[in-house]
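S.K.: Enclosed is the structure file query05.cif (mmCIF, C-alpha atoms).
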data_data
#
loop_
_atom_site.group_PDB
_atom_site.id
_atom_site.type_symbol
_atom_site.label_atom_id
_atom_site.label_comp_id
_atom_site.auth_asym_id
_atom_site.auth_seq_id
_atom_site.Cartn_x
_atom_site.Cartn_y
_atom_site.Cartn_z
ATOM 1 C CA MET A 1 48.404 -28.354 -47.394
ATOM 2 C CA ALA A 2 47.941 -24.708 -48.323
ATOM 3 C CA VAL A 3 44.705 -25.454 -50.194
ATOM 4 C CA PHE A 4 43.308 -27.306 -47.189
ATOM 5 C CA GLY A 5 44.371 -24.446 -44.915
ATOM 6 C CA VAL A 6 42.634 -21.832 -47.046
ATOM 7 C CA LEU A 7 39.475 -23.946 -47.369
ATOM 8 C CA ALA A 8 39.401 -24.557 -43.612
ATOM 9 C CA ILE A 9 39.608 -20.805 -43.041
ATOM 10 C CA ILE A 10 36.826 -20.148 -45.566
ATOM 11 C CA MET A 11 34.575 -22.791 -43.993
ATOM 12 C CA GLY A 12 35.334 -21.447 -40.522
ATOM 13 C CA VAL A 13 34.476 -17.886 -41.472
ATOM 14 C CA THR A 14 31.335 -19.078 -43.286
ATOM 15 C CA GLY A 15 30.189 -20.985 -40.214
ATOM 16 C CA LEU A 16 30.779 -17.983 -37.965
ATOM 17 C CA VAL A 17 29.067 -15.488 -40.272
ATOM 18 C CA SER A 18 26.287 -17.702 -41.660
ATOM 19 C CA PRO A 19 25.948 -21.042 -39.854
ATOM 20 C CA ASP A 20 22.826 -21.956 -41.856
ATOM 21 C CA THR A 21 24.807 -21.673 -45.106
ATOM 22 C CA LEU A 22 27.398 -24.080 -43.766
ATOM 23 C CA LEU A 23 24.752 -26.488 -42.457
ATOM 24 C CA LYS A 24 23.018 -26.522 -45.872
ATOM 25 C CA SER A 25 26.299 -27.077 -47.721
ATOM 26 C CA LEU A 26 26.989 -30.120 -45.539
ATOM 27 C CA GLY A 27 23.545 -31.589 -46.180
ATOM 28 C CA PHE A 28 21.990 -30.844 -42.805
ATOM 29 C CA GLU A 29 18.434 -29.602 -42.389
ATOM 30 C CA VAL A 30 18.126 -25.952 -41.465
ATOM 31 C CA LEU A 31 15.234 -25.221 -39.120
ATOM 32 C CA ALA A 32 13.261 -21.985 -39.324
ATOM 33 C CA SER A 33 13.468 -21.693 -35.534
ATOM 34 C CA ARG A 34 15.264 -23.655 -32.871
ATOM 35 C CA PRO A 35 13.622 -24.917 -29.688
ATOM 36 C CA ALA A 36 14.909 -24.021 -26.247
ATOM 37 C CA GLY A 37 17.861 -26.209 -25.339
ATOM 38 C CA ASP A 38 19.010 -26.567 -28.972
ATOM 39 C CA TYR A 39 22.667 -25.637 -29.089
ATOM 40 C CA THR A 40 23.238 -26.188 -32.814
ATOM 41 C CA LYS A 41 24.318 -22.568 -33.363
ATOM 42 C CA THR A 42 26.683 -22.734 -30.384
ATOM 43 C CA PHE A 43 28.208 -25.953 -31.689
ATOM 44 C CA MET A 44 28.486 -24.445 -35.175
ATOM 45 C CA ALA A 45 30.321 -21.421 -33.769
ATOM 46 C CA ALA A 46 32.735 -23.633 -31.824
ATOM 47 C CA SER A 47 33.347 -25.947 -34.800
ATOM 48 C CA SER A 48 33.763 -23.003 -37.145
ATOM 49 C CA MET A 49 36.281 -21.361 -34.842
ATOM 50 C CA ALA A 50 38.195 -24.650 -34.672
ATOM 51 C CA SER A 51 38.154 -24.829 -38.476
ATOM 52 C CA LEU A 52 39.451 -21.275 -38.760
ATOM 53 C CA ASN A 53 42.247 -22.024 -36.285
ATOM 54 C CA MET A 54 43.116 -25.265 -38.056
ATOM 55 C CA GLY A 55 43.371 -23.408 -41.351
ATOM 56 C CA VAL A 56 45.844 -20.999 -39.793
ATOM 57 C CA TYR A 57 47.864 -23.924 -38.365
ATOM 58 C CA TYR A 58 48.061 -25.479 -41.822
ATOM 59 C CA LEU A 59 49.227 -22.238 -43.410
ATOM 60 C CA VAL A 60 51.875 -21.763 -40.707
ATOM 61 C CA ALA A 61 53.058 -25.349 -41.331
ATOM 62 C CA VAL A 62 53.317 -24.606 -45.062
ATOM 63 C CA ALA A 63 55.138 -21.311 -44.505
ATOM 64 C CA THR A 64 57.673 -22.934 -42.152
ATOM 65 C CA GLU A 65 57.863 -26.264 -44.041
ATOM 66 C CA TRP A 66 57.061 -28.105 -40.823
ATOM 67 C CA ARG A 67 57.210 -31.681 -42.191
ATOM 68 C CA PRO A 68 56.349 -33.522 -38.930
ATOM 69 C CA PHE A 69 53.042 -31.643 -38.903
ATOM 70 C CA TYR A 70 52.331 -32.897 -42.430
ATOM 71 C CA LEU A 71 52.744 -36.510 -41.294
ATOM 72 C CA PHE A 72 50.605 -35.857 -38.227
ATOM 73 C CA THR A 73 47.793 -34.602 -40.484
ATOM 74 C CA VAL A 74 47.895 -37.766 -42.593
ATOM 75 C CA ILE A 75 47.216 -39.938 -39.566
ATOM 76 C CA PHE A 76 44.459 -37.802 -38.090
ATOM 77 C CA ARG A 77 42.765 -37.049 -41.408
ATOM 78 C CA LEU A 78 42.474 -40.820 -41.921
ATOM 79 C CA VAL A 79 40.912 -41.087 -38.463
ATOM 80 C CA THR A 80 38.531 -38.251 -39.374
ATOM 81 C CA PHE A 81 37.640 -40.006 -42.647
ATOM 82 C CA THR A 82 36.797 -43.161 -40.698
ATOM 83 C CA VAL A 83 34.675 -41.403 -38.068
ATOM 84 C CA PHE A 84 32.761 -39.304 -40.609
ATOM 85 C CA THR A 85 32.130 -42.339 -42.806
ATOM 86 C CA ILE A 86 30.746 -44.250 -39.815
ATOM 87 C CA LEU A 87 28.422 -41.311 -39.066
ATOM 88 C CA VAL A 88 27.020 -41.500 -42.607
ATOM 89 C CA VAL A 89 26.773 -45.308 -42.679
ATOM 90 C CA THR A 90 24.937 -45.368 -39.336
ATOM 91 C CA GLU A 91 22.687 -42.532 -40.555
ATOM 92 C CA ALA A 92 23.793 -40.223 -37.765
ATOM 93 C CA ALA A 93 24.728 -37.773 -40.531
ATOM 94 C CA PRO A 94 23.140 -37.176 -43.944
ATOM 95 C CA GLY A 95 24.580 -38.951 -46.980
ATOM 96 C CA ARG A 96 25.897 -35.670 -48.372
ATOM 97 C CA PHE A 97 28.193 -35.458 -45.352
ATOM 98 C CA PHE A 98 30.229 -38.271 -46.898
ATOM 99 C CA GLY A 99 31.741 -35.573 -49.118
ATOM 100 C CA VAL A 100 33.487 -34.233 -46.035
ATOM 101 C CA ALA A 101 34.757 -37.722 -45.187
ATOM 102 C CA LEU A 102 35.970 -38.188 -48.746
ATOM 103 C CA TRP A 103 37.729 -34.805 -48.710
ATOM 104 C CA GLU A 104 39.563 -35.827 -45.524
ATOM 105 C CA GLY A 105 40.486 -39.268 -46.840
ATOM 106 C CA LEU A 106 41.718 -38.033 -50.214
ATOM 107 C CA GLY A 107 43.607 -35.195 -48.551
ATOM 108 C CA ALA A 108 45.339 -37.672 -46.255
ATOM 109 C CA VAL A 109 46.276 -39.961 -49.131
ATOM 110 C CA ALA A 110 47.505 -37.065 -51.309
ATOM 111 C CA THR A 111 49.637 -35.685 -48.481
ATOM 112 C CA GLY A 112 50.979 -39.145 -47.604
ATOM 113 C CA VAL A 113 51.919 -39.889 -51.215
ATOM 114 C CA ALA A 114 53.619 -36.496 -51.567
ATOM 115 C CA LEU A 115 55.612 -37.097 -48.375
ATOM 116 C CA TRP A 116 56.599 -40.560 -49.588
ATOM 117 C CA PHE A 117 57.804 -39.275 -52.968
ATOM 118 C CA GLU A 118 59.652 -36.406 -51.330
ATOM 119 C CA ARG A 119 61.408 -38.753 -48.926
ATOM 120 C CA LYS A 120 62.248 -41.164 -51.728
ATOM 121 C CA ARG A 121 63.667 -38.299 -53.802
ATOM 122 C CA ARG A 122 65.811 -37.039 -50.899
ATOM 123 C CA THR A 123 67.195 -40.502 -50.091
ATOM 124 C CA SER A 124 68.079 -41.469 -53.641
ATOM 125 C CA VAL A 125 71.768 -41.060 -54.399
ATOM 126 C CA PRO A 126 72.604 -39.729 -57.844
ATOM 127 C CA SER A 127 74.864 -42.029 -59.807
ATOM 128 C CA ASN A 128 78.185 -40.798 -61.175
ATOM 129 C CA PRO A 129 78.545 -40.927 -64.972
#
Just give me the structure of the file as C-alpha coordinates.

M.R.:
Amino acid sequence: MAVFGVLAIIMGVTGLVSPDTLLKSLGFEVLASRPAGDYTKTFMAASSMASLNMGVYYLVAVATEWRPFYLFTVIFRLVTFTVFTILVVTEAAPGRFFGVALWEGLGAVATGVALWFERKRRTSVPSNP
(Lines of atoms letter the chains of each structure in order from A and count residues from 1; the text may use other names and numbers.)
(Lines give C-alpha, C1' and ligand atoms only; values in the text may rest on other atoms or scores of the structure.)
Protein backbone atom coordinates (compact mmCIF):
# COMPACT_ATOMS: atom_id res chain seq x y z
CA MET A 1 0.00 0.00 0.00
CA ALA A 2 2.79 2.41 0.88
CA VAL A 3 4.66 1.63 -2.36
CA PHE A 4 1.54 2.31 -4.41
CA GLY A 5 0.95 5.54 -2.48
CA VAL A 6 4.47 6.80 -3.12
CA LEU A 7 4.32 5.84 -6.81
CA ALA A 8 0.94 7.55 -7.21
CA ILE A 9 2.42 10.72 -5.71
CA ILE A 10 5.46 10.53 -8.01
CA MET A 11 3.28 10.00 -11.09
CA GLY A 12 0.98 12.82 -10.02
CA VAL A 13 3.83 15.26 -9.54
CA THR A 14 5.39 14.15 -12.84
CA GLY A 15 2.13 14.75 -14.68
CA LEU A 16 1.75 18.20 -13.14
CA VAL A 17 5.34 19.27 -13.80
CA SER A 18 5.93 17.52 -17.13
CA PRO A 19 2.76 16.07 -18.68
CA ASP A 20 4.62 15.06 -21.86
CA THR A 21 6.98 12.87 -19.81
CA LEU A 22 4.03 11.08 -18.27
CA LEU A 23 2.28 10.69 -21.63
CA LYS A 24 5.45 9.17 -23.16
CA SER A 25 5.93 6.79 -20.23
CA LEU A 26 2.38 5.51 -20.72
CA GLY A 27 2.90 4.94 -24.44
CA PHE A 28 0.88 7.87 -25.73
CA GLU A 29 2.00 10.03 -28.64
CA VAL A 30 3.25 13.47 -27.67
CA LEU A 31 2.37 16.16 -30.19
CA ALA A 32 4.69 19.08 -30.90
CA SER A 33 1.70 21.43 -30.72
CA ARG A 34 -1.92 20.95 -29.81
CA PRO A 35 -4.82 22.25 -31.89
CA ALA A 36 -7.46 24.57 -30.47
CA GLY A 37 -10.02 22.60 -28.51
CA ASP A 38 -7.50 19.93 -27.45
CA TYR A 39 -7.74 19.59 -23.69
CA THR A 40 -5.11 16.87 -23.24
CA LYS A 41 -2.99 19.06 -20.94
CA THR A 42 -6.05 20.00 -18.88
CA PHE A 43 -7.02 16.35 -18.54
CA MET A 44 -3.44 15.43 -17.64
CA ALA A 45 -3.40 18.08 -14.91
CA ALA A 46 -6.71 16.83 -13.48
CA SER A 47 -5.64 13.17 -13.63
CA SER A 48 -2.25 13.99 -12.14
CA MET A 49 -3.84 15.90 -9.27
CA ALA A 50 -6.15 12.93 -8.64
CA SER A 51 -3.12 10.62 -8.63
CA LEU A 52 -1.30 12.85 -6.16
CA ASN A 53 -4.35 12.94 -3.88
CA MET A 54 -4.81 9.18 -4.15
CA GLY A 55 -1.19 8.65 -3.16
CA VAL A 56 -1.75 10.74 -0.05
CA TYR A 57 -4.92 8.75 0.77
CA TYR A 58 -2.96 5.51 0.52
CA LEU A 59 -0.21 6.79 2.80
CA VAL A 60 -2.77 7.99 5.36
CA ALA A 61 -4.42 4.54 5.22
CA VAL A 62 -1.03 2.90 5.84
CA ALA A 63 -0.16 5.27 8.69
CA THR A 64 -3.51 4.69 10.42
CA GLU A 65 -3.77 0.98 9.48
CA TRP A 66 -7.20 1.62 7.99
CA ARG A 67 -8.00 -1.97 6.91
CA PRO A 68 -11.45 -1.29 5.36
CA PHE A 69 -9.73 1.08 2.92
CA TYR A 70 -7.35 -1.72 1.93
CA LEU A 71 -10.28 -3.97 1.01
CA PHE A 72 -11.96 -1.13 -0.86
CA THR A 73 -8.82 -0.69 -2.98
CA VAL A 74 -8.79 -4.38 -3.93
CA ILE A 75 -12.26 -4.13 -5.42
CA PHE A 76 -11.72 -0.89 -7.30
CA ARG A 77 -8.22 -1.75 -8.52
CA LEU A 78 -9.73 -4.88 -10.10
CA VAL A 79 -12.35 -2.68 -11.76
CA THR A 80 -9.57 -0.36 -12.96
CA PHE A 81 -7.62 -3.36 -14.31
CA THR A 82 -10.69 -4.45 -16.27
CA VAL A 83 -11.44 -1.00 -17.72
CA PHE A 84 -7.82 -0.32 -18.69
CA THR A 85 -7.48 -3.76 -20.28
CA ILE A 86 -10.63 -3.14 -22.34
CA LEU A 87 -9.16 0.19 -23.51
CA VAL A 88 -6.05 -1.61 -24.78
CA VAL A 89 -7.95 -4.53 -26.34
CA THR A 90 -10.30 -2.16 -28.18
CA GLU A 91 -7.30 -0.05 -29.26
CA ALA A 92 -8.61 3.03 -27.50
CA ALA A 93 -5.26 3.08 -25.68
CA PRO A 94 -1.79 2.01 -26.85
CA GLY A 95 -0.57 -1.49 -26.03
CA ARG A 96 2.01 -0.11 -23.60
CA PHE A 97 -0.87 1.16 -21.47
CA PHE A 98 -1.55 -2.45 -20.51
CA GLY A 99 1.35 -2.05 -18.08
CA VAL A 100 -0.86 0.28 -16.07
CA ALA A 101 -3.68 -2.27 -16.13
CA LEU A 102 -1.29 -5.00 -15.05
CA TRP A 103 0.07 -2.85 -12.22
CA GLU A 104 -3.49 -2.30 -10.96
CA GLY A 105 -4.44 -5.97 -11.26
CA LEU A 106 -1.31 -7.28 -9.57
CA GLY A 107 -1.59 -4.65 -6.86
CA ALA A 108 -5.17 -5.71 -6.18
CA VAL A 109 -4.24 -9.39 -6.01
CA ALA A 110 -1.20 -8.73 -3.78
CA THR A 111 -3.27 -6.62 -1.39
CA GLY A 112 -6.12 -9.16 -1.37
CA VAL A 113 -3.77 -12.06 -0.64
CA ALA A 114 -2.07 -10.10 2.15
CA LEU A 115 -5.45 -9.27 3.70
CA TRP A 116 -6.51 -12.91 3.45
CA PHE A 117 -3.34 -14.19 5.13
CA GLU A 118 -3.57 -11.53 7.82
CA ARG A 119 -7.18 -12.44 8.56
CA LYS A 120 -6.35 -16.14 8.59
CA ARG A 121 -3.46 -15.50 10.99
CA ARG A 122 -5.65 -13.44 13.35
CA THR A 123 -8.46 -16.03 13.40
CA SER A 124 -6.26 -19.05 14.00
CA VAL A 125 -6.26 -20.17 17.62
CA PRO A 126 -2.92 -21.35 18.97
CA SER A 127 -3.04 -24.86 20.34
CA ASN A 128 -2.02 -25.60 23.92
CA PRO A 129 0.93 -27.98 24.33

S.K.: Taking only C-alpha atoms into account, which of A:Ala2, A:Ala45, A:Leu52, A:Leu7 comes nearest Asp20 (chain A)?

M.R.: A:Ala45

S.K.: With 4 Å of padding per side, what axis-aligned box (centre and edge lengths, Å, one decimal) covers all the listed atoms of region 89-101 of chain A? Give it as AutoDock Vina command-line options.

M.R.:
--center_x 28.7 --center_y -39.8 --center_z -43.4 --size_x 20.1 --size_y 19.1 --size_z 19.4

S.K.: Residues near region 70-76 of chain A, anyone? I mean within 12 Å using only C-alpha atoms, not counting same-chain ones fewer than 4 positions away, as a PyMOL selection string.

M.R.: chain A and resi 1-2+4-5+54+57-62+64-66+80-83+104-116+119

S.K.: Mind listing as a short mmCIF file (atom, residue, chain, number, x, y, z; two decimals) with C-alpha atoms, keeping the file's coordinate frame all residues within 12 Å of (32.1, -24.4, -45.8), counting all atoms listed in the file?

M.R.:
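Written output follows (result-v7.cif):
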data_model
loop_
_atom_site.label_atom_id
_atom_site.label_comp_id
_atom_site.auth_asym_id
_atom_site.auth_seq_id
_atom_site.Cartn_x
_atom_site.Cartn_y
_atom_site.Cartn_z
CA PHE A 4 43.31 -27.31 -47.19
CA VAL A 6 42.63 -21.83 -47.05
CA LEU A 7 39.48 -23.95 -47.37
CA ALA A 8 39.40 -24.56 -43.61
CA ILE A 9 39.61 -20.80 -43.04
CA ILE A 10 36.83 -20.15 -45.57
CA MET A 11 34.58 -22.79 -43.99
CA GLY A 12 35.33 -21.45 -40.52
CA VAL A 13 34.48 -17.89 -41.47
CA THR A 14 31.34 -19.08 -43.29
CA GLY A 15 30.19 -20.98 -40.21
CA LEU A 16 30.78 -17.98 -37.97
CA VAL A 17 29.07 -15.49 -40.27
CA SER A 18 26.29 -17.70 -41.66
CA PRO A 19 25.95 -21.04 -39.85
CA ASP A 20 22.83 -21.96 -41.86
CA THR A 21 24.81 -21.67 -45.11
CA LEU A 22 27.40 -24.08 -43.77
CA LEU A 23 24.75 -26.49 -42.46
CA LYS A 24 23.02 -26.52 -45.87
CA SER A 25 26.30 -27.08 -47.72
CA LEU A 26 26.99 -30.12 -45.54
CA GLY A 27 23.54 -31.59 -46.18
CA MET A 44 28.49 -24.44 -35.17
CA SER A 47 33.35 -25.95 -34.80
CA SER A 48 33.76 -23.00 -37.15
CA SER A 51 38.15 -24.83 -38.48
CA LEU A 52 39.45 -21.28 -38.76
CA PHE A 97 28.19 -35.46 -45.35
CA GLY A 99 31.74 -35.57 -49.12
CA VAL A 100 33.49 -34.23 -46.04
#

S.K.: Go ahead and compute the interatomic distance for CA of Thr40 (chain A) and CA of Thr90 (chain A), in Å to one decimal.

M.R.: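 Straight-line distance from CA of Thr40 (chain A) to CA of Thr90 (chain A) works out to 20.3 Å.
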
S.K.: Could you state the separation of CA of Ile86 (chain A) and CA of Phe28 (chain A) in Å, given to one decimal place?

M.R.: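 Rounded to one decimal, the two atoms are 16.3 Å apart.
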
S.K.: Under the rule that only C-alpha atoms are counted, which of A:Phe117, A:Leu78, A:Arg122, A:Val30 is the nearest residue to Leu102 (chain A)?

M.R.: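 For Leu102 (chain A), the nearest of the candidates is A:Leu78.
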
S.K.: What does the distance between CA of Glu29 (chain A) and CA of Val3 (chain A) come to in Å, to one decimal place?

M.R.: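 The value is 27.7 Å.
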
S.K.: Take region 75-92 of chain A, bring it up to N, CA, C and O atoms, and give me the output as a tab-separated table (two decimals), in the frame of the given file.

M.R.:
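File produced: result-v7.tsv:
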chain	number	residue	atom	x	y	z
A	75	ILE	N	47.77	-38.98	-40.53
A	75	ILE	CA	47.22	-39.94	-39.57
A	75	ILE	C	45.83	-39.49	-39.09
A	75	ILE	O	44.86	-40.25	-39.15
A	76	PHE	N	45.73	-38.25	-38.67
A	76	PHE	CA	44.46	-37.80	-38.09
A	76	PHE	C	43.39	-37.51	-39.13
A	76	PHE	O	42.20	-37.61	-38.84
A	77	ARG	N	43.79	-37.20	-40.36
A	77	ARG	CA	42.76	-37.05	-41.41
A	77	ARG	C	42.19	-38.41	-41.79
A	77	ARG	O	41.02	-38.52	-42.12
A	78	LEU	N	43.01	-39.47	-41.69
A	78	LEU	CA	42.47	-40.82	-41.92
A	78	LEU	C	41.51	-41.22	-40.80
A	78	LEU	O	40.48	-41.85	-41.06
A	79	VAL	N	41.83	-40.84	-39.58
A	79	VAL	CA	40.91	-41.09	-38.46
A	79	VAL	C	39.61	-40.32	-38.69
A	79	VAL	O	38.51	-40.87	-38.52
A	80	THR	N	39.71	-39.07	-39.11
A	80	THR	CA	38.53	-38.25	-39.37
A	80	THR	C	37.69	-38.86	-40.49
A	80	THR	O	36.46	-38.93	-40.39
A	81	PHE	N	38.35	-39.33	-41.55
A	81	PHE	CA	37.64	-40.01	-42.65
A	81	PHE	C	36.83	-41.18	-42.11
A	81	PHE	O	35.65	-41.35	-42.44
A	82	THR	N	37.45	-41.97	-41.25
A	82	THR	CA	36.80	-43.16	-40.70
A	82	THR	C	35.59	-42.78	-39.85
A	82	THR	O	34.50	-43.33	-40.01
A	83	VAL	N	35.77	-41.82	-38.95
A	83	VAL	CA	34.67	-41.40	-38.07
A	83	VAL	C	33.52	-40.80	-38.87
A	83	VAL	O	32.36	-41.15	-38.67
A	84	PHE	N	33.82	-39.94	-39.81
A	84	PHE	CA	32.76	-39.30	-40.61
A	84	PHE	C	32.03	-40.33	-41.48
A	84	PHE	O	30.82	-40.24	-41.65
A	85	THR	N	32.76	-41.29	-42.00
A	85	THR	CA	32.13	-42.34	-42.81
A	85	THR	C	31.19	-43.16	-41.94
A	85	THR	O	30.06	-43.48	-42.36
A	86	ILE	N	31.60	-43.50	-40.74
A	86	ILE	CA	30.75	-44.25	-39.82
A	86	ILE	C	29.48	-43.45	-39.51
A	86	ILE	O	28.38	-44.02	-39.46
A	87	LEU	N	29.60	-42.14	-39.33
A	87	LEU	CA	28.42	-41.31	-39.07
A	87	LEU	C	27.42	-41.39	-40.22
A	87	LEU	O	26.22	-41.47	-39.99
A	88	VAL	N	27.91	-41.41	-41.45
A	88	VAL	CA	27.02	-41.50	-42.61
A	88	VAL	C	26.41	-42.90	-42.71
A	88	VAL	O	25.20	-43.06	-42.90
A	89	VAL	N	27.24	-43.92	-42.56
A	89	VAL	CA	26.77	-45.31	-42.68
A	89	VAL	C	25.72	-45.63	-41.62
A	89	VAL	O	24.74	-46.33	-41.90
A	90	THR	N	25.90	-45.11	-40.42
A	90	THR	CA	24.94	-45.37	-39.34
A	90	THR	C	23.76	-44.38	-39.36
A	90	THR	O	22.93	-44.40	-38.46
A	91	GLU	N	23.74	-43.53	-40.35
A	91	GLU	CA	22.69	-42.53	-40.56
A	91	GLU	C	22.60	-41.49	-39.44
A	91	GLU	O	21.57	-40.88	-39.21
A	92	ALA	N	23.72	-41.30	-38.75
A	92	ALA	CA	23.79	-40.22	-37.76
A	92	ALA	C	24.05	-38.89	-38.46
A	92	ALA	O	23.85	-37.83	-37.87
